[in-house]
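One structure is given here, and the rest of the page talks about it.
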Amino acid sequence: MSAPSADQSGAGMAVEASVEATAAPSAAGEDRYTFDDVSVVMGTYNEEAAVETVLTDIDRVTGGRANVVCVDGSSDRTPEIAREHGARVIDQEPQGYGVAVERALAAADRPVIVTTDCDDTYPMEQLPAFLEAINAGRDVVSGDRLSGGATAMPAVNRWGNHLFAAFASVLLGERVRDTTTGMRAYRREVIESIEWTENTGLSAELLMRPLLRDYDVAERQIPYRDRAGETTLDPLRGGAEIAASIGRVWVDERF
Ligand SMILES: Nc1nc2c(ncn2[C@@H]2O[C@H](COP(=O)(O)OP(=O)(O)O)[C@@H](O)[C@H]2O)c(=O)[nH]1
Ligand SMILES: [Mg+2]
């Protein structure tokens, strides 16, 4: 466990507009990471309609080099399909998004950890750019779905997500654009140095705690696709839980 790198204090949140191929090695000065250093982790809950596409995309984009971890609570063929595609599958009773993702984060054993949903909404083609941003010194790179319009998202979810981002921005004192995205890359140290407490609101927590601890966090605009299969999240109950998480995490970090 080590402290955030020194060059970022007061820098606030940056927008990762584009990352040049010539970006310098990481801020800490170690060698550049490749996909051999990347774990891609996700919770999977009855994602039969999407899992094959998601895992095939990851393999294609990373040349089969990223290690994939699925924490699975499915009653359909999702885990079999995931194993056939070379993922490490951990069985766990379904207990919600955050419980699954936290288990997956803990199981990841590589220095760069990427989260995604297993619903084919997130662009795996962006993985090289996320890795490049980590190599350029970012501690967290967060996929921002909302700045590009997110028209594939149901309107109620879209407005809810804008409200969560506005609420979090007020508390954080800086503008964040998408607090509830499922696609991010993290330096492993960030994941290990923080105790995670939220379930449905884990995604917001995974952005807010690093920001409040002055890690170098950047949002990067990504396209967002229509979901394959049914969502697991009830918009009203889930929305209330996320709002509560945002408030709780802020109080916990500040007081
Ligand atoms: N293992 C496991 N995965 C879950 C659970 N709840 C959600 N997920 C997975 O977490 C990801 C996010 O859920 P999703 O339904 O896409 O939420 P949405 O993006 O808000 O619609 C998906 O890959 C789900 O399959 C759960 O209780 N257990
Ligand atoms: Mg999803």
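All residue names refer to the structure tokens as shown: chains lettered A, B, ... in order, residues numbered from 1 in each chain, ligands numbered from 1 in order.
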Strand (DSSP E or B) positions in range 106-161 of chain A, given as a PyMOL selection string: chain A and resi 112-115+140-144
Just to be explicit: take each residue in the selection above, keep N, CA and C atoms, and write the result as a tab-separated table (two decimals), in the first residue's frame.
chain	number	residue	atom	x	y	z
A	112	VAL	N	-3.02	-3.77	-13.26
A	112	VAL	CA	-4.05	-2.86	-13.77
A	112	VAL	C	-5.37	-3.64	-13.81
A	113	ILE	N	-6.40	-3.05	-13.22
A	113	ILE	CA	-7.69	-3.75	-13.13
A	113	ILE	C	-8.74	-2.93	-13.86
A	114	VAL	N	-9.45	-3.58	-14.77
A	114	VAL	CA	-10.51	-2.93	-15.52
A	114	VAL	C	-11.84	-3.58	-15.12
A	115	THR	N	-12.84	-2.75	-14.83
A	115	THR	CA	-14.18	-3.28	-14.60
A	115	THR	C	-15.04	-3.03	-15.84
A	140	VAL	N	-6.87	6.30	-11.96
A	140	VAL	CA	-8.20	5.78	-12.32
A	140	VAL	C	-8.62	6.44	-13.63
A	141	VAL	N	-9.11	5.65	-14.56
A	141	VAL	CA	-9.68	6.18	-15.80
A	141	VAL	C	-11.12	5.72	-15.86
A	142	SER	N	-12.04	6.67	-15.92
A	142	SER	CA	-13.46	6.35	-15.78
A	142	SER	C	-14.19	6.62	-17.09
A	143	GLY	N	-14.89	5.63	-17.61
A	143	GLY	CA	-15.61	5.77	-18.87
A	143	GLY	C	-16.87	6.60	-18.69
A	144	ASP	N	-16.91	7.74	-19.34
A	144	ASP	CA	-18.04	8.67	-19.22
A	144	ASP	C	-19.02	8.45	-20.38
Selection near Gly148 in chain A, 12 Å with only C-alpha atoms, sequence-local residues under 6 positions removed, as a PyMOL selection string: chain A and resi 158+177-178+220-225
Selection file, C-alpha atoms, as a PDB file, in the first residue's frame:
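The resulting file, part-v7.pdb, is reproduced below:
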ATOM      1  CA  ARG A 158     -30.089   8.660 -18.227  1.00  0.00           C
ATOM      2  CA  ARG A 177     -19.778  13.632 -15.493  1.00  0.00           C
ATOM      3  CA  ASP A 178     -20.686   9.987 -14.940  1.00  0.00           C
ATOM      4  CA  ARG A 220     -12.801   9.587 -20.676  1.00  0.00           C
ATOM      5  CA  GLN A 221     -15.808   9.878 -22.961  1.00  0.00           C
ATOM      6  CA  ILE A 222     -17.015   6.547 -24.329  1.00  0.00           C
ATOM      7  CA  PRO A 223     -19.880   5.466 -26.559  1.00  0.00           C
ATOM      8  CA  TYR A 224     -22.588   3.393 -24.876  1.00  0.00           C
ATOM      9  CA  ARG A 225     -24.585   0.685 -26.600  1.00  0.00           C
TER      10      ARG A 225
END
For range 170-174 of chain A, list every protein, DNA or RNA residue within 12 Å, evaluated using only C-alpha atoms, and leave out those in the same chain fewer than 5 positions away; present the list as a PDB file with N, CA and C atoms, in the first residue's frame.
ATOM      1  N   GLY A  10      -4.085  18.717  -5.668  1.00  0.00           N
ATOM      2  CA  GLY A  10      -4.822  19.893  -6.089  1.00  0.00           C
ATOM      3  C   GLY A  10      -5.133  19.913  -7.576  1.00  0.00           C
ATOM      4  N   ALA A  11      -4.715  18.903  -8.287  1.00  0.00           N
ATOM      5  CA  ALA A  11      -4.921  18.913  -9.736  1.00  0.00           C
ATOM      6  C   ALA A  11      -6.394  18.740 -10.083  1.00  0.00           C
ATOM      7  N   GLY A  12      -7.150  18.136  -9.178  1.00  0.00           N
ATOM      8  CA  GLY A  12      -8.568  17.922  -9.449  1.00  0.00           C
ATOM      9  C   GLY A  12      -8.769  16.908 -10.549  1.00  0.00           C
ATOM     10  N   MET A  13      -9.957  16.892 -11.055  1.00  0.00           N
ATOM     11  CA  MET A  13     -10.330  15.887 -12.035  1.00  0.00           C
ATOM     12  C   MET A  13     -10.018  16.368 -13.435  1.00  0.00           C
ATOM     13  N   ALA A  14      -9.409  15.529 -14.195  1.00  0.00           N
ATOM     14  CA  ALA A  14      -9.092  15.881 -15.575  1.00  0.00           C
ATOM     15  C   ALA A  14     -10.024  15.134 -16.516  1.00  0.00           C
ATOM     16  N   VAL A  15     -10.213  15.688 -17.672  1.00  0.00           N
ATOM     17  CA  VAL A  15     -10.947  14.989 -18.713  1.00  0.00           C
ATOM     18  C   VAL A  15      -9.922  14.412 -19.668  1.00  0.00           C
ATOM     19  N   LEU A 163     -28.435  13.177 -12.642  1.00  0.00           N
ATOM     20  CA  LEU A 163     -28.686  13.700 -11.290  1.00  0.00           C
ATOM     21  C   LEU A 163     -27.633  13.204 -10.300  1.00  0.00           C
ATOM     22  N   PHE A 164     -27.279  11.925 -10.388  1.00  0.00           N
ATOM     23  CA  PHE A 164     -26.231  11.402  -9.495  1.00  0.00           C
ATOM     24  C   PHE A 164     -24.922  12.158  -9.706  1.00  0.00           C
ATOM     25  N   ALA A 165     -24.598  12.412 -10.976  1.00  0.00           N
ATOM     26  CA  ALA A 165     -23.342  13.124 -11.275  1.00  0.00           C
ATOM     27  C   ALA A 165     -23.401  14.550 -10.737  1.00  0.00           C
ATOM     28  N   THR A 179     -21.002   9.208 -12.681  1.00  0.00           N
ATOM     29  CA  THR A 179     -20.577   8.548 -11.429  1.00  0.00           C
ATOM     30  C   THR A 179     -20.916   7.064 -11.400  1.00  0.00           C
ATOM     31  N   ALA A 204     -20.342   4.391  -7.907  1.00  0.00           N
ATOM     32  CA  ALA A 204     -20.122   5.774  -7.472  1.00  0.00           C
ATOM     33  C   ALA A 204     -19.008   5.834  -6.423  1.00  0.00           C
ATOM     34  N   GLU A 205     -19.007   4.876  -5.520  1.00  0.00           N
ATOM     35  CA  GLU A 205     -17.971   4.832  -4.478  1.00  0.00           C
ATOM     36  C   GLU A 205     -16.586   4.678  -5.092  1.00  0.00           C
ATOM     37  N   LEU A 207     -15.492   5.790  -7.765  1.00  0.00           N
ATOM     38  CA  LEU A 207     -15.020   7.061  -8.320  1.00  0.00           C
ATOM     39  C   LEU A 207     -14.753   8.075  -7.211  1.00  0.00           C
ATOM     40  N   MET A 208     -15.679   8.130  -6.238  1.00  0.00           N
ATOM     41  CA  MET A 208     -15.618   9.202  -5.237  1.00  0.00           C
ATOM     42  C   MET A 208     -14.470   9.044  -4.248  1.00  0.00           C
ATOM     43  N   ARG A 209     -14.264   7.852  -3.724  1.00  0.00           N
ATOM     44  CA  ARG A 209     -13.208   7.711  -2.705  1.00  0.00           C
ATOM     45  C   ARG A 209     -11.828   8.030  -3.271  1.00  0.00           C
ATOM     46  N   PRO A 210     -11.468   7.535  -4.460  1.00  0.00           N
ATOM     47  CA  PRO A 210     -10.158   7.933  -5.013  1.00  0.00           C
ATOM     48  C   PRO A 210     -10.052   9.444  -5.238  1.00  0.00           C
ATOM     49  N   LEU A 211     -11.130  10.081  -5.713  1.00  0.00           N
ATOM     50  CA  LEU A 211     -11.097  11.532  -5.915  1.00  0.00           C
ATOM     51  C   LEU A 211     -10.878  12.263  -4.601  1.00  0.00           C
ATOM     52  N   LEU A 212     -11.591  11.829  -3.563  1.00  0.00           N
ATOM     53  CA  LEU A 212     -11.488  12.498  -2.263  1.00  0.00           C
ATOM     54  C   LEU A 212     -10.154  12.224  -1.587  1.00  0.00           C
ATOM     55  N   ARG A 213      -9.427  11.245  -2.085  1.00  0.00           N
ATOM     56  CA  ARG A 213      -8.083  10.963  -1.549  1.00  0.00           C
ATOM     57  C   ARG A 213      -6.992  11.477  -2.481  1.00  0.00           C
ATOM     58  N   ASP A 214      -7.379  12.334  -3.421  1.00  0.00           N
ATOM     59  CA  ASP A 214      -6.425  13.002  -4.318  1.00  0.00           C
ATOM     60  C   ASP A 214      -5.656  12.069  -5.231  1.00  0.00           C
ATOM     61  N   VAL A 217      -7.450  11.011 -11.081  1.00  0.00           N
ATOM     62  CA  VAL A 217      -8.631  10.392 -11.691  1.00  0.00           C
ATOM     63  C   VAL A 217      -9.023  11.180 -12.931  1.00  0.00           C
ATOM     64  N   ALA A 243     -28.106   7.058  -4.641  1.00  0.00           N
ATOM     65  CA  ALA A 243     -28.091   8.399  -4.029  1.00  0.00           C
ATOM     66  C   ALA A 243     -27.624   8.308  -2.572  1.00  0.00           C
ATOM     67  N   ILE A 246     -23.853   7.789  -2.415  1.00  0.00           N
ATOM     68  CA  ILE A 246     -23.075   8.990  -2.718  1.00  0.00           C
ATOM     69  C   ILE A 246     -22.962   9.867  -1.455  1.00  0.00           C
ATOM     70  N   GLY A 247     -24.089  10.045  -0.776  1.00  0.00           N
ATOM     71  CA  GLY A 247     -24.076  10.829   0.454  1.00  0.00           C
ATOM     72  C   GLY A 247     -23.234  10.179   1.544  1.00  0.00           C
ATOM     73  N   ARG A 248     -23.419   8.889   1.729  1.00  0.00           N
ATOM     74  CA  ARG A 248     -22.722   8.154   2.798  1.00  0.00           C
ATOM     75  C   ARG A 248     -21.211   8.149   2.587  1.00  0.00           C
ATOM     76  N   VAL A 249     -20.803   7.899   1.353  1.00  0.00           N
ATOM     77  CA  VAL A 249     -19.363   7.851   1.054  1.00  0.00           C
ATOM     78  C   VAL A 249     -18.727   9.216   1.300  1.00  0.00           C
ATOM     79  N   TRP A 250     -19.417  10.276   0.910  1.00  0.00           N
ATOM     80  CA  TRP A 250     -18.883  11.621   1.102  1.00  0.00           C
ATOM     81  C   TRP A 250     -18.708  11.912   2.601  1.00  0.00           C
ATOM     82  N   VAL A 251     -19.752  11.617   3.385  1.00  0.00           N
ATOM     83  CA  VAL A 251     -19.674  11.843   4.840  1.00  0.00           C
ATOM     84  C   VAL A 251     -18.532  11.016   5.425  1.00  0.00           C
ATOM     85  N   GLU A 253     -15.801   9.909   4.038  1.00  0.00           N
ATOM     86  CA  GLU A 253     -14.469  10.396   3.656  1.00  0.00           C
ATOM     87  C   GLU A 253     -14.146  11.731   4.313  1.00  0.00           C
ATOM     88  N   ARG A 254     -15.167  12.548   4.545  1.00  0.00           N
ATOM     89  CA  ARG A 254     -14.944  13.912   5.009  1.00  0.00           C
ATOM     90  C   ARG A 254     -14.902  14.042   6.521  1.00  0.00           C
TER      91      ARG A 254
END
Nearby residues, ligand 1, 6 Å, only C-alpha atoms and all ligand atoms, as a PyMOL selection string: chain A and resi 43-45+47+71-73+94-97+100+117-119+231-233
Expected answer as a ChimeraX atom specification: helix (DSSP H, G or I) residues in range 167-249 of chain A: /A:167-172,188-193,202-212,235-249
CA of Val69 in chain A to CA of Glu241 in chain A, distance in Å rounded to a single decimal: 25.8 Å
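For the pair CA of Gly201 in chain A and CA of Ala185 in chain A, the interatomic distance is 17.5 Å.
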Using only C-alpha atoms, which residues sit within 12 Å of His85 in chain A once same-chain residues fewer than 6 positions away are excluded, as a compact mmCIF listing (two decimals) with C-alpha atoms, in the first residue's frame?
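What follows is the written file part_10.txt:
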# COMPACT_ATOMS: atom_id res chain seq x y z
CA VAL A 51 -21.35 -12.91 -22.36
CA GLU A 52 -19.96 -14.45 -25.53
CA THR A 53 -19.76 -11.09 -27.33
CA VAL A 54 -18.19 -9.34 -24.35
CA LEU A 55 -15.51 -11.99 -23.79
CA THR A 56 -14.78 -12.33 -27.51
CA ASP A 57 -14.37 -8.55 -27.77
CA ILE A 58 -11.95 -8.51 -24.83
CA ASP A 59 -9.91 -11.34 -26.38
CA ARG A 60 -9.80 -9.68 -29.79
CA GLY A 64 -6.04 -12.79 -25.63
CA ASN A 67 -6.90 -12.09 -17.63
CA VAL A 68 -10.70 -12.18 -17.28
CA VAL A 69 -12.51 -12.77 -13.98
CA CYS A 70 -16.29 -13.30 -13.81
CA THR A 78 -23.50 -17.76 -18.56
CA PRO A 79 -20.77 -19.48 -16.46
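Counting only C-alpha atoms and comparing A:Gly137, A:Gly98, A:Gly239, A:Gly182, the residue that lies closest to Val156 in chain A is A:Gly239.
Nearest to ligand 2 of all the residues A:Ile191, A:Ala87, A:Ala168, A:Ala152 is A:Ala152, counting only C-alpha atoms and all ligand atoms.
What separates CA of Val190 in chain A from CA of Ala240 in chain A is a distance of 26.6 Å.
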Within 7 Å of Asp109 in chain A using only C-alpha atoms, minus same-chain residues under 2 positions, as a VMD selection string: chain A and resid 39 107 111
